[in-house]
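Student: Quick one: the structure is below, and I'll ask about it shortly.
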Amino acid sequence: MNEADSRHLASQLETIGFESTTEPKDADLVVLNTCVVRQQAENKIYGRLGSLKTAKEKNPDLTIGLMGCMVGMKEAPALKHRFPYVDVFMPPSDSTPLIDYLEHNNFLDDLRNQEQTERSLRDTIQDAKNLLPIAQRGNAITAFVPIVLGCSHACTFCIIPYRRGVERSRLPNEILTEIRTLVSQGIKEVMLLGQIVDRYGTDLENNENLSWLLREIHKIDGLERIRFLTSHPNWMTDDLLHTVGELDKVCPHIEIPVQAGNNEVLTNMRRGYTCENYRILINKIRNIIPGATINTDIIVGFPGESHEQFMDTHQLVKDVEFDKIHISKYSMRPKTIATRKMNDNVTDEEKTERRNVIDETQHEILEYKNKSLLGQTLNVLVENKKKDRWFGRTMHNKLVFFDDDRNLLGETIRVKINKTSPYSLIGDSMN
Ligand code: SAH
C-alpha cells in the first residue's frame with residue numbers, strides 16, 4: 001500500500017516539474033513514507049528522521065515531508081511538536097497537503113518564471129492533484145492498485161484502522177481507468193490491494209464485489225496477470241473462489257492471514273473465526289482451485305499466548321502446509337485494544353523462539369514442496385535482473401531465476417526447473 005502511495009506521489013511531483021535523485025543530499029525535497037504496524041518499522045523511521053535532521057542543518061533549504069501511517073488521520077500536530085524540522089505531514093494515500101505546501105511556499109517559482117503562465121501553473125497543479133496513481137517508474141512490470149482504502153475491522157492488535165481511517169472502496173470506473181492506463185504504459189500485472197480486499201464493494205451503492213471487479217479487469221486487453229491481497233477468511237465467498245478458478249489471468253494464489261491456530265487466542269485477537277472455520281476454508285480453496293498456493297500471516301507471542309496455545313498454531317502450520325508465512329513477533333501498538341486491555345507478557349526471547357520454531361518447520365515444508373517442481377516447465381513473467389540473472393514469478397507466485405542473454409523484461413518465458421530451494425527455483429529458459 002505504501003509502495004502504491006509513494007509511486008503516486010512521485011508521479012504527481014514529476015507532473016509539476018520535479019526530477020528524482022538517488023542521493024538524498026542532492027534533493028530539494030525528501031518525503032519519508034512510513035509504516036508503524038510494528039515497533040521495529042517505527043524505529044527505522046526515527047533513524048531516518050535523525051539523518052534528515054542533520055541534512056537539513058547543512059542545507060536549510062531542504063524540505064522534508066512525512067507521510068503514511070505514522071502521521072495517520074490525526075497525529076500531525078503532536079509530530080510537528082516532536083519533529084519541528086519536518087515541514088509537511090500527509091496521512092496515508094493523501095498527498096494534497098504536500099502539493100498545497102509547495103504551491104504556497106513559492107516552491108514552484110522556478111516553474112512560474114520559466115515556462116508557465118499563472119493560469120497554466122494552476123492547471124498543472126490541478127493535474128497533479130487529480131492524477132491517478134499511474135506513475136510508471138523504472139522498469140516496473142507489476143503495478144499496485146489500491147481498491148479498498150482504510151479498515152474498519154477492529155483486530156485487537158492492529159493499529160491500521162486508527163491510522164488509515166474507515167474502510168472505503170474506490171469506485172469501479174476509477175480503478176478500471178487506472179488499470180487501462182497502466183497497461184498502456186507497459187504494465188503486465190496488477191496487484192489489487194486492500195486490508196480486507198475481499199470486502200471490496202460492501203460500501204458501494206450498487207454492491208459491486210471483488211468477483212465482479214475481477215471479471216471486469218480480466219477483459220482489459222494486454223493485461224496478463226491479476227493478483228489481490230489481503231483476504232480475510234470471513235469474507236472469502238465461494239463465488240470469489242470460483243471466479244479465481246475460472247479466469248486465466250487471475251493468479252491461483254490466495255493471501256489469507258490466520259494470525260493464530262488456537263481459538264482462545266483468535267477470540268482475544270477478535271478475528272471473528274475459529275481454527276476449524278479456517279481449516280474448512282483452506283480445504284474449500286484447494287477443492288475449487290486445485291493447486292492453489294496459499295500464503296498466510298502469523299503473530300507469535302500475542303498477550304497471554306501460552307506454550308500449548310502456540311503449539312496449536314505450530315500444528316496448524318504443519319497441517320496446512322502454506323506456501324509462505326509472514327511471521328511477526330507481537331508488538332504493542334498505541335491505542336489498540338490489546339495495548340489498553342492486555343498484558344504483553346510473553347518475553348521477547350520466547351517470541352523469538354516461537355518464531356524460529358515456525359520458521360524451521362516451514363523451511364522443511366517448502367523444501368519438499370518446491371522439490372516437487374523439479375523438472376517441470378513453468379511460465380515465468382520476467383520482472384527484473386539480479387546479479388546478471390533474470391527473475392520473475394509463476395502464476396502460483398513462485399520466484400524463479402534463470403540465465404539468458406536476451407532482453408526479456410516483461411516477457412513470459414517458459415522455464416524448466418532444474419534446481420529448487422525453499423524460497424526460490426532455478427531453471428533454463430525454453431523459448
Ligand atoms: N489486513 C490484514 C493485515 C495487515 S497488517 C489482515 O487481515 O490481518 C500485516 C500483518 O502485520 C498482519 O497480518 C499481522 O500478522 C502483522 N501485525 C499487525 N499488527 C501487529 C502487531 N501489533 N504486532 C505484530 N504483528 C502485527
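Every chain in the C-alpha cells has a letter given in the order shown (A, B, ...), and although residue numbers restart at 1 in each chain, ligands are simply numbered from 1 in the order shown.
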So that I can check the surroundings of stretch 39-52 of chain A, please list as a PyMOL selection string every protein, DNA and RNA residue that reaches within 12 Å of it, counting only C-alpha atoms and ignoring chain neighbours fewer than 5 positions away.
Tutor: chain A and resi 24-25+27-34+57-60+62-71+79+82-87+158-159+328-334
Student: How would you write, as number ranges by chain, the set of residues no farther than 8 Å from ligand 1 when counting only C-alpha atoms and all ligand atoms?
Tutor: A: 37-39, 151, 155, 157-160, 194-196, 230-232, 256-259, 296-300, 302, 326-333
Student: Per DSSP on the backbone, filter stretch 208-243 of chain A down to the residues in helix (DSSP H, G or I) and report them as an MDAnalysis selection string.
Tutor: chainID A and resid 210:218 233:235 238:243
Student: Going by DSSP on the backbone, which residues of stretch 182-344 of chain A come out as strand (DSSP E or B)? List them as a count of residues only.
Tutor: 29
Student: I need the residue nearest A:Glu321 from this list: A:Thr361, A:Gln309, A:Thr347, A:Asn262. Use only C-alpha atoms for the distance.
Tutor: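 Looking only at the distances to A:Glu321, the closest residue turns out to be A:Thr361.
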